[in-house]
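Report on the structure given below.
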Amino acid sequence: METKLNDRVPIKPSRHSFYLFLVILFIIVFASAIYIEADPYVIVQNGSNMFDLISRMFPPDWSYIVTTTPAMLDTIRMALLGTTMGTILSIPVMFLCARNMFHVRWLVEASRIGLNVLRTIPDLLLAAIFAAILGYSSLAGIVALSVFSVGIIAKLSFEAIENIDDGPLESMTAVGANKLQWIAFGVVPQIMPHFVSYVLYTFEINIRAAAILGLVGAGGIGLFYNRALSSFNYDQVLALILYTLVVVILIDLISLKTREKLL
Amino acid sequence: MIELKNVSKVYPNGVIGLDNINLTIEKGEFVAIVGLSGAGKSTLLRAMNRLIDISDGDIMINRRSITSASGKELRMMRRDIGMIFQNFNLVKRSTVLRNVLSGRVAHNHTFRTLFNLFPQKDVDLALQSLERVNILEKAYTRSSQLSGGQQQRVSIARALAQEAKMILADEPTASLDPVTTKQVMDDLKKINTEDQVTVVINLHFVDLAREYATRIIGLRDGKVVFDGPAQRATDEVFKDIYGRPLKEDELLGKEVG
Amino acid sequence: MIELKNVSKVYPNGVIGLDNINLTIEKGEFVAIVGLSGAGKSTLLRAMNRLIDISDGDIMINRRSITSASGKELRMMRRDIGMIFQNFNLVKRSTVLRNVLSGRVAHNHTFRTLFNLFPQKDVDLALQSLERVNILEKAYTRSSQLSGGQQQRVSIARALAQEAKMILADEPTASLDPVTTKQVMDDLKKINTEDQVTVVINLHFVDLAREYATRIIGLRDGKVVFDGPAQRATDEVFKDIYGRPLKEDELLGKEVG
Amino acid sequence: GSSATDSEVSEGDAVGGTDSEAYVPESLMVQFVPSQNAETLEARAKPLENLLSDELGIDVEVSVSTNYNTVVEAMASGQVDVGFLPPNAYVQAHDEYGAAEVILQSQRFGVNEDGSPTDELVDYYLSMFIARADSDIESIADIKGKTVAFQDYTSSAGYVWPAAILLDEGIDPLTDVNPLILQGHDAGVTAVLNGEADVAAIFQDARNVVAGDFPTVFEDTKVISFTEPIPNDTISVRSDMDDEWKKKIQQAFIKIGQSEEGLEIIRDIYTHEGYTESEDATFDIVRDYAERVQGE
Amino acid sequence: MKRSDLFKKERFLRRAKFSLLFIVLLALYGWAIAGIQFNGMLDTAWPVTKSIVQGFLTPDTSYIYNPEGEDLLRGLLETLAIAIVGICLSIVLAIPIGLWAAKNLSSTPLISQGGKSTLSFIRTLPDIILALLFIKVVGPGAYAGMLALGIGAIGMLGKLYAEEVEAMDPGPVESIVAVGGNKLEQLAFGVIPQVLPGFISATLYRFEINMRSAATLGVIGAGGIGTPLIFAIQARNWDRVGMIMIGVVLVVLIVDWCSSALRKRVL
Ligand SMILES: Nc1ncnc2c1ncn2[C@@H]1O[C@H](COP(=O)(O)OP(=O)(O)OP(=O)(O)O)[C@@H](O)[C@H]1O
Ligand SMILES: Nc1ncnc2c1ncn2[C@@H]1O[C@H](COP(=O)(O)OP(=O)(O)OP(=O)(O)O)[C@@H](O)[C@H]1O
Ligand SMILES: [Mg+2]
Ligand SMILES: [Mg+2]
């Protein structure tokens with residue numbers, strides 16, 4: 001009886017290529033580690049050096065929070081506008097980049113390459129361009145943040161779109177919906193939670209990416225980070241880190257509560 | 001009228017879903033498709049409104065080939081074909097009402113639908129459809145919070161709200177209790193006879209098939225093994241549709257148990 | 001033995017799923033639960049192995065309260081309760097075999113299961129279970145590539161492979177053809193009588209319930225409205241279980257129609 | 001002689017040494033931060049590595065960083081033995097951490113009014129205020145009430161020295177002018193060119209940096225005033241460095257600056273023209289200025 | 001009657017909520033926009049844009065290869081190595097923290113909140129602080145850069161992982177619960193197979209960012225292509241900037257194509 005059962009069991013598909021893949025991956029990683037001379041033992045040996053710096057951060061210089069509050073408000077303001085613009089711009093981009101939305105091969109690939117290039121532009125270069133065009137001002141900062149945001153939101157969202165359940169899409173196809181309706185009814189509800197959290201995440205990054213704002217002279221807390229660092233006042237740095245953390249968590253909390261109440 | 005000419009479907013993994021099917025279904029017919037699980041019933045239905053592209057052959061809806069249609073033409077053809085899915089295909093995160101209203105999109109301006117500005121008449125229609133399947137009170141509930149049968153009823157309501165000229169129903173009553181089943185089948189029969197809507201339905205219940213259908217098509221391994229009026233589908237015929245595998249299966253069962 | 005004492009379940013959105021249920025199901029019984037869609041059948045089943053936490057009351061499995069169990073104890077209780085889900089709950093991206101093997105995890109060392117090192121005996125058991133439901137040939141297919149009925153059969157095979165002392169089946173045959181349905185029900189009956197496995201099954205088919213069950217429980221709006229041996233479940237009784245709502249519904253239907 | 005040194009080294013290391021014991025390097029870690037007043041730069045470490053290890057006879061590893069916090073911190077934990085530090089960072093590292101001790105300063109040519117180099121080797125540089133050529137600002141006094149592009153407050157050339165000039169004229173750099181804090185001296189020049197700032201405080205002559213983008217920058221802008229000399233970047237060693245090795249390193253750098261081949265390399269890549277010995281007292285002026293500007 | 005009442009009440013409630021939100025948002029944006037200064041397009045716009053574009057059109061091809069080393073190819077190779085080891089470090093640490101932070105895997109929201117806060121804190125740490133910490137331990141260079149990158153990435157990866165888990169279908173996990181599987185088994189059989197595609201794309205995304213985190217690494221002199229890029233930008237050496245960016249984009253595209261080809265074939 002046993003043999004008979006085994007006779008009928010379909011042939012198990014070979015996993016060789018998968019194992020080969022794993023081995024190659026491991027070799028690549030290992031070789032890279034050797035190439036950059038990553039020796040775990042060094043960390044064990046010198047790990048305590050870290051605490052020199054950490055101990056210099058304590059106690060945080062709370063008074064710095066007061067000093068930096070206007071800059072923090074500026075940062076929030078610019079991050080808000082930059083994220084908003086980026087969000088709006090990223091919407092068409094993300095649908096163009098997702099392989100399961102428009103089945104026009106060249107358009108999808110071209111959009112993806114475009115998005116890739118956009119995301120490769122370093123902050124410094126963005127700053128150089130926008131400062132030259134719009135001046136060393138908050139506007140340049142906002143525009144730079146928008147471009148930066150498009151890269152993040154569009155990329156994460158189109159990946160989310162590619163992973164959605166296609167059942168609802170099928171039903172929209174079956175009722176004869178056109179592309180926009182198909183997206184609005186089949187895709188949007190499914191990616192909405194993702195999208196919202198990516199937007200919030202980008203907002204958070206934009207608050208932290210204050211450095212970009214500093215580069216275009218738009219002020220913000222980036223300036224204060226640099227100042228505290230370059231005068232080696234690590235207690236001020238810690239105060240700023242904690243301040244940013246609180247602001248970010250607060251914003252998260254507020255938006256969570258609004259979403260819960262409204263949706 | 002639905003015509004299938006030499007239709008075959010081979011899935012990318014090599015499984016043969018449909019094997020050279022030739023069929024003509026006239027307007028106003030009530031056709032039941034029966035067959036073992038895995039016989040290709042869903043594949044056949046999904047081929048008819050081109051949710052899957054067939055590998056070979058041609059399918060004509062009202063003398064226009066849906067196989068070669070595209071763009072607006074294809075959309076308009078599909079608008080007139082309602083579909084009830086075996087696995088419901090609801091947007092779980094949306095409310096019941098929005099799921100039903102999504103059946104109306106092709107009847108409205110894109111702009112209105114995007115901003116959820118459906119005309120009152122459509123909203124009424126959607127609510128009526130929900131009432132027909134007895135879940136009006138769940139209109140504003142999230143679809144994920146429904147019981148299995150309730151979800152199935154939402155997907156039926158969506159197809160009803162579509163006011164299509166043709167309905168393809170994939171086991172629409174699988175998760176329903178007898179009372180609701182009867183009601184749904186009566187409803188389908190009513191729109192079939194009163195509005196001359198063609199109904200093609202996959203059914204597992206021989207009784208229901210006999211009771212409601214005017215014509216029964218038997219599938220086995222992707223091939224049509226019976227096609228005739230309901231009266232001619234005797235117990236013998238069903239035995240034939242299900243029969244051969246039945247014996248095999250029983251054999252298998254014995255062997256293992 | 002399963003005992004429910006004053007069990008109630010209120011969903012977070014306010015819907016009352018179960019309303020003060022008292023039941024005792026003895027070892028070796030074959031109980032069919034019938035009721036309208038939305039009556040609370042799935043809720044009841046899911047409460048029994050504590051997939052949902054009840055709002056009130058207590059549930060005892062073999063005299064131990066599952067309501068207050070936790071950790072290893074709870075896991076061991078669940079290991080002995082097989083469950084067939086209404087919506088299958090398969091991992092679509094995994095192969096059929098892996099889905100079935102997942103029914104064996106609690107019988108094996110965590111370590112082995114994590115690295116997919118199931119003992120040959122478990123693999124054999126899984127393959128046998130697949131054969132029992134006639135889809136052995138799909139063992140290495142991705143579950144997403146199965147037809148509706150095939151998916152349902154995988155979820156049945158998983159429960160069979162679990163070798164539980166008790167099986168809770170939520171409409172296990174909804175998407176199956178009559179042949180396979182009979183086979184699955186026969187199988188359940190067999191393990192029920194031969195191995196004294198208690199079976200609690202949600203069923204929409206009155207015939208099946210009468211044919212296989214030793215006891216029938218009727219639910220309406222989360223309350224038990226009938227509880228007795230299958231012979232006593234006359235047509236009258238079923239009318240009562242489904243009946244009243246039918247009339248109400250029809251009334252509503254008229255108003256709108 | 002070199003083998004004797006080697007054995008000393010291993011001995012010293014084997015004992016493990018207390019903090020007071022002098023550090024004798026087995027291999028030298030050098031971190032290089034570009035000069036504040038560099039106009040063009042190459043992020044290349046290998047050439048310096050080769051030159052130094054030829055001179056010193058031990059392995060030398062050079063890394064390049066643009067952030068001097070990393071150099072100071074690495075020196076403080078003994079991860080870097082020799083660091084190129086700008087004056088203000090050196091003072092911080094020396095005074096607050098005791099992490100660095102200056103041994104050398106880099107030398108460069110002075111700069112003419114038109115931005116071209118003089119042929120005099122100096123170990124200092126200047127900072128200056130520029131304005132648009134057509135602006136009516138002629139002297140420091142005219143800057144009052146105008147928008148001034150500064151670098152951040154810790155920058156010697158971009159803030160401290162210029163601010164001191166303003167203070168000398170009785171102008172408070174924070175309240176009597178409208179400060180615009182920028183990152184990069186090139187940004188200062190651009191801000192003047194596009195009219196966003198009336199005046200910019202930049203090193204002499206940062207206009208060369210943007211000359212590629214704005215070929216007419218020297219005609220379009222004018223210099224209002226120069227500051228006093230600012231000491232050039234230091235080459236510092238970690239403070240527990242063995243005295244003998246300090247000397248060795250000092251000599252090695254000086255020799256490189258004097259040899260023809262070495263000079264060519266350090267000129268092309270790091271825009272250095274040579275190295276000269278230096279001592280901590282040279283930087284008192286930095287402390288002095290910091291106090292003046294902060295004290296107000 | 002009953003039907004339209006239901007509908008009207010629902011609609012009224014929604015409209016009221018949305019108008020309130022609208023007013024609040026209006027105020028918020030009003031405040032934000034009030035802070036913008038706009039000076040019009042500037043004279044410098046054209047020359048700068050022109051020279052940047054020109055630099056990109058005539059990239060500094062001599063930088064591609066230099067026999068002494070310290071060229072584009074070796075810079076990219078080192079960046080790639082840093083990114084690869086960095087991402088492995090992040091994966092190993094981010095998966096447990098990500099699962100910890102997922103709401104639907106923890107018994108009380110308090111537990112997952114702990115994970116979320118941890119991730120949030122890691123994200124708040126500026127790259128430069130992480131870099132300083134590791135430079136003190138392992139000295140400047142690629143190793144420190146890898147560690148800073150790897151640890152810094154946990155914040156983002158863990159968050160993306162947690163979100164992926166939160167969005168999955170609870171059904172399969174339920175089925176493992178029902179057979180008596182413990183937490184690990186629930187993960188292995190119910191969670192991981194479902195979230196694997198999401199995890200992979202999040203990881204690849206972060207890998208790309210690692211490749212591009214030229215700025216982070218460049219500032220601290222961690223090797224790779226970052227330092228030359230920063231120097232080139234600071235010196236406004238646009239043809240070099242153009243060359244480096246072309247190199248980075250190409251590597252990223254190649255990695256992208258390889259990984260999607262492999263994913264299709266292997267998984
Ligand atoms: N997660 C949930 N949240 C809120 N309400 C729920 C949830 N699940 C089920 N309900 C509601 O509880 C009631 C009972 O549902 P249950 O799934 O037990 O019905 P059922 O008897 O199994 O029906 P069916 O035969 O349709 O599967 C229904 O009204 C349903 O809408
Ligand atoms: N996406 C797919 N990829 C590969 N094979 C598929 C796919 N969908 C279905 N199949 C296979 O095609 C065959 C026919 O499937 P189909 O869904 O048409 O069956 P069915 O008659 O609807 O069965 P059921 O009654 O169980 O729903 C089955 O063997 C199935 O495994
Ligand atoms: Mg089917
Ligand atoms: Mg149910």
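Following the order of the structure tokens, chains are lettered A, B, ..., residues in each are numbered from 1, and ligands are numbered from 1.
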Problem set entry | Counting only C-alpha atoms, chain D residues within 12 Å of chain A, as a ChimeraX atom specification | /D:66-79,86,88-93,95-97,149-156,179-197,210,213-214,290
For this session: Compute the set of protein, DNA and RNA residues whose minimum atom distance to ligand 2 is at most 6 Å, using only C-alpha atoms and all ligand atoms, and state it as number ranges by chain.
Result: B: 11, 13, 15, 17, 37-43; C: 145-150
Can those selected residues be exported to a file as a CSV table (one decimal), in the first residue's frame so that it contains N, CA and C atoms?
chain,number,residue,atom,x,y,z
B,11,TYR,N,-3.1,26.5,-18.6
B,11,TYR,CA,-2.5,27.4,-17.6
B,11,TYR,C,-1.0,27.4,-17.8
B,13,ASN,N,1.3,26.7,-15.8
B,13,ASN,CA,2.0,25.6,-15.2
B,13,ASN,C,1.7,24.3,-15.9
B,15,VAL,N,-1.3,22.9,-16.7
B,15,VAL,CA,-2.6,22.3,-16.5
B,15,VAL,C,-3.6,22.7,-17.6
B,17,GLY,N,-7.0,23.6,-18.6
B,17,GLY,CA,-8.3,24.0,-18.0
B,17,GLY,C,-9.4,23.7,-18.9
B,37,SER,N,-15.2,18.9,-9.0
B,37,SER,CA,-14.3,20.0,-8.6
B,37,SER,C,-13.0,19.8,-9.5
B,38,GLY,N,-12.6,20.9,-10.1
B,38,GLY,CA,-11.4,20.9,-10.9
B,38,GLY,C,-11.7,20.6,-12.3
B,39,ALA,N,-13.0,20.4,-12.7
B,39,ALA,CA,-13.3,20.0,-14.1
B,39,ALA,C,-13.1,21.2,-15.1
B,40,GLY,N,-13.1,22.4,-14.6
B,40,GLY,CA,-12.9,23.5,-15.5
B,40,GLY,C,-14.1,24.5,-15.5
B,41,LYS,N,-15.0,24.3,-14.6
B,41,LYS,CA,-16.2,25.2,-14.6
B,41,LYS,C,-15.9,26.6,-14.4
B,42,SER,N,-15.1,26.9,-13.4
B,42,SER,CA,-14.7,28.3,-13.2
B,42,SER,C,-13.9,28.9,-14.4
B,43,THR,N,-13.0,28.0,-14.9
B,43,THR,CA,-12.2,28.5,-16.0
B,43,THR,C,-13.1,28.8,-17.2
C,145,GLN,N,-3.0,28.2,-7.2
C,145,GLN,CA,-3.3,27.7,-8.5
C,145,GLN,C,-4.4,26.6,-8.5
C,146,LEU,N,-5.1,26.5,-7.4
C,146,LEU,CA,-6.1,25.5,-7.3
C,146,LEU,C,-7.5,26.1,-7.5
C,147,SER,N,-8.4,25.2,-7.9
C,147,SER,CA,-9.8,25.6,-8.1
C,147,SER,C,-10.4,25.7,-6.7
C,148,GLY,N,-11.6,26.4,-6.6
C,148,GLY,CA,-12.2,26.6,-5.3
C,148,GLY,C,-12.3,25.3,-4.5
C,149,GLY,N,-12.9,24.3,-5.2
C,149,GLY,CA,-13.1,23.0,-4.5
C,149,GLY,C,-11.8,22.4,-4.1
C,150,GLN,N,-10.8,22.5,-4.9
C,150,GLN,CA,-9.5,21.9,-4.5
C,150,GLN,C,-8.9,22.6,-3.3
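The chain A residues that come within 8 Å of chain B are Met1, Gly167, Pro168, Glu170, Ser171, Met172, Thr173, Ala174, Val175, Gly176, Ala177, Asn178, Leu180, Gln181, Ala184, Phe185, Gly186, Pro189 and Gln190 of chain A, with only C-alpha atoms taken into account.
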Please save N, CA, C and O atoms of the selected residues as a CSV table (one decimal), in the first residue's frame.
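Below you can see again-v5.csv, which holds the result:
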chain,number,residue,atom,x,y,z
A,1,MET,N,0.8,-1.2,0.0
A,1,MET,CA,0.0,0.0,0.0
A,1,MET,C,0.9,1.2,0.0
A,1,MET,O,0.7,2.2,-0.8
A,167,GLY,N,-8.0,39.7,-6.5
A,167,GLY,CA,-9.4,39.3,-6.6
A,167,GLY,C,-10.3,40.5,-6.9
A,167,GLY,O,-11.1,40.6,-7.9
A,168,PRO,N,-10.2,41.6,-6.0
A,168,PRO,CA,-11.0,42.8,-6.3
A,168,PRO,C,-10.8,43.4,-7.6
A,168,PRO,O,-11.7,44.0,-8.2
A,170,GLU,N,-10.1,41.9,-10.3
A,170,GLU,CA,-10.8,41.0,-11.3
A,170,GLU,C,-12.2,41.4,-11.3
A,170,GLU,O,-12.9,41.5,-12.3
A,171,SER,N,-12.8,41.7,-10.1
A,171,SER,CA,-14.2,42.0,-10.1
A,171,SER,C,-14.5,43.3,-10.8
A,171,SER,O,-15.5,43.5,-11.4
A,172,MET,N,-13.5,44.3,-10.6
A,172,MET,CA,-13.7,45.5,-11.3
A,172,MET,C,-13.6,45.4,-12.8
A,172,MET,O,-14.3,46.1,-13.5
A,173,THR,N,-12.7,44.5,-13.2
A,173,THR,CA,-12.6,44.3,-14.6
A,173,THR,C,-13.9,43.7,-15.1
A,173,THR,O,-14.4,44.1,-16.2
A,174,ALA,N,-14.5,42.8,-14.4
A,174,ALA,CA,-15.7,42.1,-14.8
A,174,ALA,C,-16.9,43.1,-14.9
A,174,ALA,O,-17.8,42.8,-15.7
A,175,VAL,N,-16.9,44.1,-14.1
A,175,VAL,CA,-18.1,45.1,-14.3
A,175,VAL,C,-17.8,46.1,-15.3
A,175,VAL,O,-18.7,46.9,-15.6
A,176,GLY,N,-16.7,46.0,-16.0
A,176,GLY,CA,-16.4,46.9,-17.1
A,176,GLY,C,-15.9,48.3,-16.7
A,176,GLY,O,-16.2,49.3,-17.4
A,177,ALA,N,-15.3,48.3,-15.6
A,177,ALA,CA,-14.7,49.6,-15.1
A,177,ALA,C,-13.6,50.1,-16.0
A,177,ALA,O,-12.8,49.3,-16.5
A,178,ASN,N,-13.5,51.4,-16.2
A,178,ASN,CA,-12.3,51.9,-16.9
A,178,ASN,C,-11.1,52.0,-15.9
A,178,ASN,O,-11.3,51.7,-14.7
A,180,LEU,N,-9.4,54.2,-14.4
A,180,LEU,CA,-9.5,55.1,-13.2
A,180,LEU,C,-10.4,54.5,-12.2
A,180,LEU,O,-10.1,54.4,-11.0
A,181,GLN,N,-11.5,54.0,-12.7
A,181,GLN,CA,-12.5,53.4,-11.7
A,181,GLN,C,-11.9,52.1,-11.2
A,181,GLN,O,-12.1,51.8,-10.0
A,184,ALA,N,-9.6,53.2,-8.5
A,184,ALA,CA,-10.3,53.8,-7.4
A,184,ALA,C,-11.0,52.7,-6.5
A,184,ALA,O,-11.0,52.8,-5.3
A,185,PHE,N,-11.6,51.8,-7.2
A,185,PHE,CA,-12.4,50.8,-6.4
A,185,PHE,C,-11.7,49.5,-6.0
A,185,PHE,O,-11.9,48.9,-5.0
A,186,GLY,N,-10.7,49.1,-6.9
A,186,GLY,CA,-10.0,47.9,-6.6
A,186,GLY,C,-8.7,48.1,-5.9
A,186,GLY,O,-8.3,47.3,-5.1
A,189,PRO,N,-8.6,51.2,-2.1
A,189,PRO,CA,-8.9,50.7,-0.7
A,189,PRO,C,-7.8,49.8,-0.2
A,189,PRO,O,-7.6,49.7,1.0
A,190,GLN,N,-7.3,49.0,-1.1
A,190,GLN,CA,-6.3,48.0,-0.6
A,190,GLN,C,-5.0,48.6,-0.2
A,190,GLN,O,-4.3,48.2,0.7
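Using only C-alpha atoms and all ligand atoms, the nearest neighbour of ligand 1 within the list C:Asn202, C:Asn22, C:Ser129, C:Ser68 is C:Asn202.
For the choices B:Met60, B:Ala69, B:Ile33, B:Leu117, the atom-to-atom distance to chain C is smallest for B:Ile33 when using only C-alpha atoms.
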Problem set entry | Shell around region 77-92 of chain E at 7 Å using only C-alpha atoms, local window under 4 positions removed, as a list in words |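 Within the cut-off, the hits are Val29, Ser32, Ala33 and Ile36 of chain A; Leu73, Ala142, Met146, Leu147, Leu149, Gly150, Ile151, Ala153, Ile154, Phe207, Asn210, Met211, Gly224 and Ile225 of chain E.
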Exercise. Which residue gives the smallest distance to chain E among C:Met1, C:Leu168, C:Leu208, C:Ile216, with only C-alpha atoms counted?
Worked result: C:Leu168
For this session: Just list the residues in region 56-181 of chain B DSSP gives helix (DSSP H, G or I) on the backbone, as a PyMOL selection string.
Result: chain B and resi 71-79+96-107+110-114+120-132+136-138+143-145+148-161+178-181
